[in-house]
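> So here's run_19.cif (mmCIF, C-alpha atoms).
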```
data_upload
#
loop_
_atom_site.group_PDB
_atom_site.id
_atom_site.type_symbol
_atom_site.label_atom_id
_atom_site.label_comp_id
_atom_site.auth_asym_id
_atom_site.auth_seq_id
_atom_site.Cartn_x
_atom_site.Cartn_y
_atom_site.Cartn_z
ATOM 1 C CA MET F 2 61.579 70.243 -11.423
ATOM 2 C CA SER F 3 63.895 72.197 -13.724
ATOM 3 C CA LYS F 4 66.722 74.369 -12.428
ATOM 4 C CA HIS F 5 64.838 77.575 -13.250
ATOM 5 C CA GLU F 6 61.547 76.785 -11.503
ATOM 6 C CA THR F 7 60.925 78.275 -8.092
ATOM 7 C CA PRO F 8 60.521 75.429 -5.595
ATOM 8 C CA ALA F 9 57.079 75.046 -3.987
ATOM 9 C CA VAL F 10 57.218 76.139 -0.341
ATOM 10 C CA PHE F 11 54.548 75.205 2.203
ATOM 11 C CA GLY F 12 54.525 77.204 5.447
ATOM 12 C CA THR F 13 52.385 77.921 8.495
ATOM 13 C CA GLU F 14 49.473 79.387 6.546
ATOM 14 C CA ASP F 15 49.408 76.367 4.216
ATOM 15 C CA ILE F 16 49.319 74.011 7.205
ATOM 16 C CA LEU F 17 46.580 76.156 8.746
ATOM 17 C CA ARG F 18 44.565 76.098 5.486
ATOM 18 C CA SER F 19 44.839 72.303 5.414
ATOM 19 C CA LEU F 20 43.608 72.122 9.004
ATOM 20 C CA CYS F 21 40.718 74.517 8.250
ATOM 21 C CA ASN F 22 39.748 72.401 5.256
ATOM 22 C CA SER F 23 39.700 69.309 7.483
ATOM 23 C CA VAL F 24 37.427 71.085 9.995
ATOM 24 C CA THR F 25 35.077 72.186 7.224
ATOM 25 C CA LYS F 26 35.030 68.785 5.501
ATOM 26 C CA VAL F 27 34.470 66.679 8.626
ATOM 27 C CA LEU F 28 31.845 68.928 10.227
ATOM 28 C CA THR F 29 29.956 69.495 6.967
ATOM 29 C CA ILE F 30 29.706 65.744 6.356
ATOM 30 C CA ALA F 31 28.937 64.886 10.001
ATOM 31 C CA THR F 32 26.228 67.513 10.468
ATOM 32 C CA GLN F 33 24.941 67.809 6.887
ATOM 33 C CA SER F 34 25.122 71.596 7.253
ATOM 34 C CA ASN F 35 27.259 74.252 5.607
ATOM 35 C CA ILE F 36 30.335 74.918 7.756
ATOM 36 C CA HIS F 37 32.718 77.593 6.461
ATOM 37 C CA TYR F 38 35.564 79.762 7.695
ATOM 38 C CA SER F 39 36.630 83.363 7.331
ATOM 39 C CA GLY F 40 39.086 84.305 4.613
ATOM 40 C CA MET F 41 41.013 86.340 7.187
ATOM 41 C CA VAL F 42 43.419 84.834 9.718
ATOM 42 C CA GLN F 43 44.426 86.507 12.973
ATOM 43 C CA ARG F 44 48.001 86.302 14.297
ATOM 44 C CA ILE F 45 47.875 85.738 18.041
ATOM 45 C CA THR F 46 50.536 85.454 20.725
ATOM 46 C CA LYS F 47 49.010 82.647 22.802
ATOM 47 C CA THR F 48 46.429 79.881 22.555
ATOM 48 C CA CYS F 49 43.551 79.723 25.023
ATOM 49 C CA LEU F 50 40.598 77.542 25.888
ATOM 50 C CA LYS F 51 37.612 79.874 26.110
ATOM 51 C CA PRO F 52 33.998 79.461 27.217
ATOM 52 C CA ASP F 53 31.725 77.663 26.626
ATOM 53 C CA ILE F 54 33.402 74.474 25.372
ATOM 54 C CA GLY F 55 37.098 74.219 24.589
ATOM 55 C CA CYS F 56 38.797 71.300 22.902
ATOM 56 C CA PHE F 57 42.511 70.782 22.371
ATOM 57 C CA VAL F 58 44.871 68.241 20.876
ATOM 58 C CA LEU F 59 48.673 68.083 20.685
ATOM 59 C CA PHE F 60 50.496 66.716 17.673
ATOM 60 C CA ASP F 61 54.101 65.745 17.124
ATOM 61 C CA GLY F 62 56.331 64.251 14.439
ATOM 62 C CA GLY F 63 57.382 66.098 11.269
ATOM 63 C CA PHE F 64 56.364 69.242 13.147
ATOM 64 C CA SER F 65 54.909 69.848 16.609
ATOM 65 C CA GLY F 66 51.962 71.923 17.643
ATOM 66 C CA LEU F 67 48.695 72.474 19.430
ATOM 67 C CA VAL F 68 45.190 72.799 17.990
ATOM 68 C CA VAL F 69 42.432 74.426 20.037
ATOM 69 C CA ILE F 70 38.782 74.793 19.036
ATOM 70 C CA ASN F 71 36.553 77.018 21.168
ATOM 71 C CA PHE F 72 32.804 76.586 20.772
ATOM 72 C CA SER F 73 30.077 78.862 22.051
ATOM 73 C CA ALA F 74 27.238 76.944 23.723
ATOM 74 C CA GLN F 75 25.027 77.713 20.708
ATOM 75 C CA ALA F 76 27.579 76.460 18.160
ATOM 76 C CA ALA F 77 28.293 73.299 20.169
ATOM 77 C CA MET F 78 24.597 72.485 20.577
ATOM 78 C CA GLU F 79 23.885 73.091 16.894
ATOM 79 C CA LEU F 80 26.725 70.791 15.816
ATOM 80 C CA TYR F 81 25.838 68.162 18.430
ATOM 81 C CA GLU F 82 22.135 68.131 17.535
ATOM 82 C CA SER F 83 22.755 68.077 13.774
ATOM 83 C CA TYR F 84 25.279 65.253 14.126
ATOM 84 C CA MET F 85 23.085 63.127 16.391
ATOM 85 C CA LEU F 86 19.928 63.650 14.314
ATOM 86 C CA HIS F 87 21.910 62.753 11.182
ATOM 87 C CA MET F 88 23.024 59.569 12.979
ATOM 88 C CA GLY F 89 19.355 58.647 13.540
ATOM 89 C CA MET F 90 18.792 59.731 17.154
ATOM 90 C CA ALA F 91 15.345 61.000 18.105
ATOM 91 C CA LYS F 92 15.200 64.700 18.999
ATOM 92 C CA ASN F 93 13.609 63.934 22.394
ATOM 93 C CA GLU F 94 16.605 61.707 23.303
ATOM 94 C CA LEU F 95 19.198 64.467 22.835
ATOM 95 C CA ALA F 96 20.916 66.350 25.641
ATOM 96 C CA SER F 97 19.325 69.737 26.317
ATOM 97 C CA SER F 98 22.402 71.543 27.666
ATOM 98 C CA HIS F 99 25.933 72.088 26.389
ATOM 99 C CA THR F 100 27.195 71.046 29.836
ATOM 100 C CA ALA F 101 25.963 67.447 29.386
ATOM 101 C CA ASP F 102 28.724 64.831 29.164
ATOM 102 C CA GLU F 103 27.174 63.498 25.960
ATOM 103 C CA VAL F 104 27.751 66.850 24.218
ATOM 104 C CA SER F 105 31.415 66.903 25.271
ATOM 105 C CA ASN F 106 31.856 63.295 24.152
ATOM 106 C CA VAL F 107 30.379 64.000 20.709
ATOM 107 C CA MET F 108 32.442 67.172 20.273
ATOM 108 C CA GLY F 109 35.572 65.221 21.291
ATOM 109 C CA GLU F 110 34.743 62.517 18.735
ATOM 110 C CA LEU F 111 34.283 65.147 16.007
ATOM 111 C CA MET F 112 37.619 66.720 16.980
ATOM 112 C CA ASN F 113 39.248 63.297 16.723
ATOM 113 C CA GLN F 114 37.824 62.873 13.206
ATOM 114 C CA ILE F 115 39.049 66.357 12.232
ATOM 115 C CA VAL F 116 42.591 65.696 13.416
ATOM 116 C CA GLY F 117 42.571 62.256 11.787
ATOM 117 C CA ASP F 118 41.629 63.825 8.454
ATOM 118 C CA PHE F 119 44.309 66.481 8.950
ATOM 119 C CA THR F 120 47.077 63.962 9.705
ATOM 120 C CA GLY F 121 46.117 62.014 6.573
ATOM 121 C CA THR F 122 46.284 65.180 4.490
ATOM 122 C CA VAL F 123 49.690 66.086 5.970
ATOM 123 C CA ALA F 124 50.999 62.620 5.106
ATOM 124 C CA ARG F 125 49.779 62.944 1.496
ATOM 125 C CA GLU F 126 50.578 66.582 0.759
ATOM 126 C CA LEU F 127 53.694 67.243 2.854
ATOM 127 C CA GLN F 128 55.050 63.698 2.810
ATOM 128 C CA THR F 129 55.726 63.691 6.536
ATOM 129 C CA HIS F 130 54.123 61.996 9.517
ATOM 130 C CA ILE F 131 52.503 63.471 12.603
ATOM 131 C CA THR F 132 50.774 61.771 15.497
ATOM 132 C CA GLN F 133 48.303 63.255 17.942
ATOM 133 C CA ASN F 134 47.136 62.568 21.458
ATOM 134 C CA GLN F 135 43.490 61.930 22.330
ATOM 135 C CA PRO F 136 41.555 65.216 22.071
ATOM 136 C CA LYS F 137 40.417 66.698 25.382
ATOM 137 C CA MET F 138 37.117 68.564 25.662
ATOM 138 C CA LEU F 139 36.266 70.834 28.599
ATOM 139 C CA VAL F 140 33.165 72.780 29.517
ATOM 140 C CA ILE F 141 34.569 75.991 31.002
ATOM 141 C CA ASN F 142 33.344 79.381 32.168
ATOM 142 C CA LYS F 143 36.743 81.115 32.372
ATOM 143 C CA GLN F 144 39.589 81.466 29.873
ATOM 144 C CA VAL F 145 42.489 78.999 30.291
ATOM 145 C CA MET F 146 45.877 79.571 28.597
ATOM 146 C CA LEU F 147 47.548 76.590 26.922
ATOM 147 C CA SER F 148 51.046 76.191 25.566
ATOM 148 C CA VAL F 149 53.031 73.430 23.912
ATOM 149 C CA ASP F 150 55.456 71.906 26.428
ATOM 150 C CA THR F 151 58.383 71.853 24.023
ATOM 151 C CA ASN F 152 60.995 74.412 23.147
ATOM 152 C CA LEU F 153 59.705 76.088 20.020
ATOM 153 C CA ASP F 154 62.441 78.093 18.305
ATOM 154 C CA GLN F 155 60.077 80.389 16.424
ATOM 155 C CA PRO F 156 56.543 79.859 17.740
ATOM 156 C CA GLU F 157 53.650 81.036 15.598
ATOM 157 C CA ALA F 158 49.982 81.102 16.526
ATOM 158 C CA ARG F 159 46.903 81.797 14.411
ATOM 159 C CA ARG F 160 43.145 82.085 15.001
ATOM 160 C CA VAL F 161 40.444 81.474 12.406
ATOM 161 C CA THR F 162 36.721 82.183 12.755
ATOM 162 C CA PHE F 163 34.296 79.456 11.651
ATOM 163 C CA PHE F 164 30.566 79.710 11.014
ATOM 164 C CA THR F 165 27.972 76.973 11.394
ATOM 165 C CA GLY F 166 24.973 76.531 9.106
ATOM 166 C CA ARG F 167 22.943 78.807 11.427
ATOM 167 C CA ASN F 168 25.805 81.332 11.642
ATOM 168 C CA ASN F 169 26.875 80.413 15.152
ATOM 169 C CA ILE F 170 30.569 81.129 15.604
ATOM 170 C CA PHE F 171 33.446 79.012 16.826
ATOM 171 C CA TYR F 172 37.206 79.573 16.690
ATOM 172 C CA LEU F 173 40.162 77.414 15.749
ATOM 173 C CA GLU F 174 43.604 78.281 17.136
ATOM 174 C CA LEU F 175 46.847 76.719 15.921
ATOM 175 C CA ALA F 176 50.252 77.046 17.595
ATOM 176 C CA ILE F 177 53.288 75.561 15.833
ATOM 177 C CA ASP F 178 56.971 76.235 15.365
ATOM 178 C CA ARG F 179 57.667 78.286 12.255
ATOM 179 C CA THR F 180 58.251 75.699 9.579
ATOM 180 C CA GLU F 181 58.566 75.384 5.838
ATOM 181 C CA PHE F 182 58.296 72.354 3.600
ATOM 182 C CA ILE F 183 60.172 72.826 0.330
ATOM 183 C CA LYS F 184 59.398 70.550 -2.600
ATOM 184 C CA LEU F 185 62.579 69.027 -4.007
ATOM 185 C CA ASN F 186 61.139 66.451 -6.417
ATOM 186 C CA ASP F 187 57.819 65.762 -8.081
#
```
With the file now loaded, output its structure as structure tokens.

Amino acid sequence: MSKHETPAVFGTEDILRSLCNSVTKVLTIATQSNIHYSGMVQRITKTCLKPDIGCFVLFDGGFSGLVVINFSAQAAMELYESYMLHMGMAKNELASSHTADEVSNVMGELMNQIVGDFTGTVARELQTHITQNQPKMLVINKQVMLSVDTNLDQPEARRVTFFTGRNNIFYLELAIDRTEFIKLND
């Protein structure tokens, strides 16, 4: 980089975009349907698990944070059914309700794949390392607030709307400390 070039800076929105791309990539491949997200991002003050199925995972390392994905029953069942049928399961062998343990297990596995893709991308693009805990998936009928149990100096939280192939909606929420990665060398 020459002295007169502006250094490349990667911040919260860039990390969020990378995470959204991981969600889209993993779910599109796993379900063979078109998953996409809104071009608008919402700033929020807190992260919450919301009905019908909430999934969360903590990550730590180069930066710390919390990822939450909230699925409606319809979105969860669509993703579950598409994934299982793509894996070769017979339709009559699938769970019929979003409250079935099998649905939660599959959604947890998909979340694990999403976060795995994201951590790989972070390692490549930001040249830092993050680790995550095992994703937790809960079927809930009331909102539950979640927070990262660390002292964040400048916490930031964002929510992004996702759409399944049949236009069912689910939401991703990200809470991290305000951070910037500044490129020093090529």
> Could you tell me which residues the PyMOL selection byres ((chain F and resi 41) around 12) returns for this structure, as a PyMOL selection string?
chain F and resi 14+17-18+21+38-40+42-44+159-163
> Find the residues around range 82-84 of chain F up to 9 Å (all atoms listed in the file counted), leave out those fewer than 4 positions away in its own chain, and share them as a PyMOL selection string.
chain F and resi 28+30-34+77-78+88-89+92+95-96+104+107
> Could you give me, as a VMD selection string, the residues within 7 Å of Thr132 in chain F, counting only C-alpha atoms and dropping anything in the same chain fewer than 3 positions from it?
chain F and resid 60 to 62
> Take the PyMOL selection byres ((chain F and resi 113) around 12), apply it to the structure above, and return the hits as a VMD selection string.
chain F and resid 23 to 24 27 to 28 56 to 60 68 70 106 to 112 114 to 120 132 to 138
> Could you take the residues named above and write them with C-alpha atoms, as an mmCIF file, keeping the file's coordinate frame?

```
data_model
loop_
_atom_site.group_PDB
_atom_site.id
_atom_site.type_symbol
_atom_site.label_atom_id
_atom_site.label_comp_id
_atom_site.auth_asym_id
_atom_site.auth_seq_id
_atom_site.Cartn_x
_atom_site.Cartn_y
_atom_site.Cartn_z
ATOM 1 C CA SER F 23 39.700 69.309 7.483
ATOM 2 C CA VAL F 24 37.427 71.085 9.995
ATOM 3 C CA VAL F 27 34.470 66.679 8.626
ATOM 4 C CA LEU F 28 31.845 68.928 10.227
ATOM 5 C CA CYS F 56 38.797 71.300 22.902
ATOM 6 C CA PHE F 57 42.511 70.782 22.371
ATOM 7 C CA VAL F 58 44.871 68.241 20.876
ATOM 8 C CA LEU F 59 48.673 68.083 20.685
ATOM 9 C CA PHE F 60 50.496 66.716 17.673
ATOM 10 C CA VAL F 68 45.190 72.799 17.990
ATOM 11 C CA ILE F 70 38.782 74.793 19.036
ATOM 12 C CA ASN F 106 31.856 63.295 24.152
ATOM 13 C CA VAL F 107 30.379 64.000 20.709
ATOM 14 C CA MET F 108 32.442 67.172 20.273
ATOM 15 C CA GLY F 109 35.572 65.221 21.291
ATOM 16 C CA GLU F 110 34.743 62.517 18.735
ATOM 17 C CA LEU F 111 34.283 65.147 16.007
ATOM 18 C CA MET F 112 37.619 66.720 16.980
ATOM 19 C CA GLN F 114 37.824 62.873 13.206
ATOM 20 C CA ILE F 115 39.049 66.357 12.232
ATOM 21 C CA VAL F 116 42.591 65.696 13.416
ATOM 22 C CA GLY F 117 42.571 62.256 11.787
ATOM 23 C CA ASP F 118 41.629 63.825 8.454
ATOM 24 C CA PHE F 119 44.309 66.481 8.950
ATOM 25 C CA THR F 120 47.077 63.962 9.705
ATOM 26 C CA THR F 132 50.774 61.771 15.497
ATOM 27 C CA GLN F 133 48.303 63.255 17.942
ATOM 28 C CA ASN F 134 47.136 62.568 21.458
ATOM 29 C CA GLN F 135 43.490 61.930 22.330
ATOM 30 C CA PRO F 136 41.555 65.216 22.071
ATOM 31 C CA LYS F 137 40.417 66.698 25.382
ATOM 32 C CA MET F 138 37.117 68.564 25.662
#
```
> Nearest residue to Asn22 in chain F out of F:Ile141, F:Ile131, F:Ala124, F:Leu173, using all atoms listed in the file?
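Looking at the shortest contact to Asn22 in chain F, the residue is F:Leu173.
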> As lines of an AutoDock Vina configuration file, what would the box around range 119-125 of chain F look like: edges along x, y and z, 8 Å added on every side, centre and edge lengths in Å to one decimal?

```
center_x = 47.7
center_y = 64.2
center_z = 5.6
size_x = 22.7
size_y = 20.5
size_z = 24.2
```
> Can you list what the PyMOL selection byres ((chain F and resi 168) around 10) grabs from this structure, as JSON, numbers by chain?
{"F": [35, 36, 37, 75, 76, 79, 163, 164, 165, 166, 167, 169, 170, 171]}
> Between CA of Val140 in chain F and CA of Ala176 in chain F, what distance in Å does the model show, to one decimal?
21.3 Å
> Tell me which protein, DNA and RNA residues are within 8 Å of Phe182 in chain F, counting all atoms listed in the file, leaving out same-chain ones fewer than 3 positions away, and put them as an NGL selection string.
:F and (10-12 or 127)
> Nearest to Asp53 in chain F among F:Lys26, F:Lys184, F:Lys143, F:Arg125, with distances taken over all atoms listed in the file: which residue is it?
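Between F:Lys26, F:Lys184, F:Lys143, F:Arg125, the residue approaching Asp53 in chain F most closely is F:Lys143.
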> Interatomic distance between CA of Thr180 in chain F and CA of Val69 in chain F?
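Taking CA of Thr180 in chain F and CA of Val69 in chain F, their separation equals 19.0 Å.
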> For a test of reading the model, state the distance in Å between CA of Pro156 in chain F and CA of Ser73 in chain F, rounded to one decimal.
26.8 Å
> Which of these, F:Thr122, F:Thr46, F:Thr100, F:Ser105, has the shortest distance to Ser19 in chain F once you count only C-alpha atoms?
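Smallest separation from Ser19 in chain F among the options: F:Thr122.
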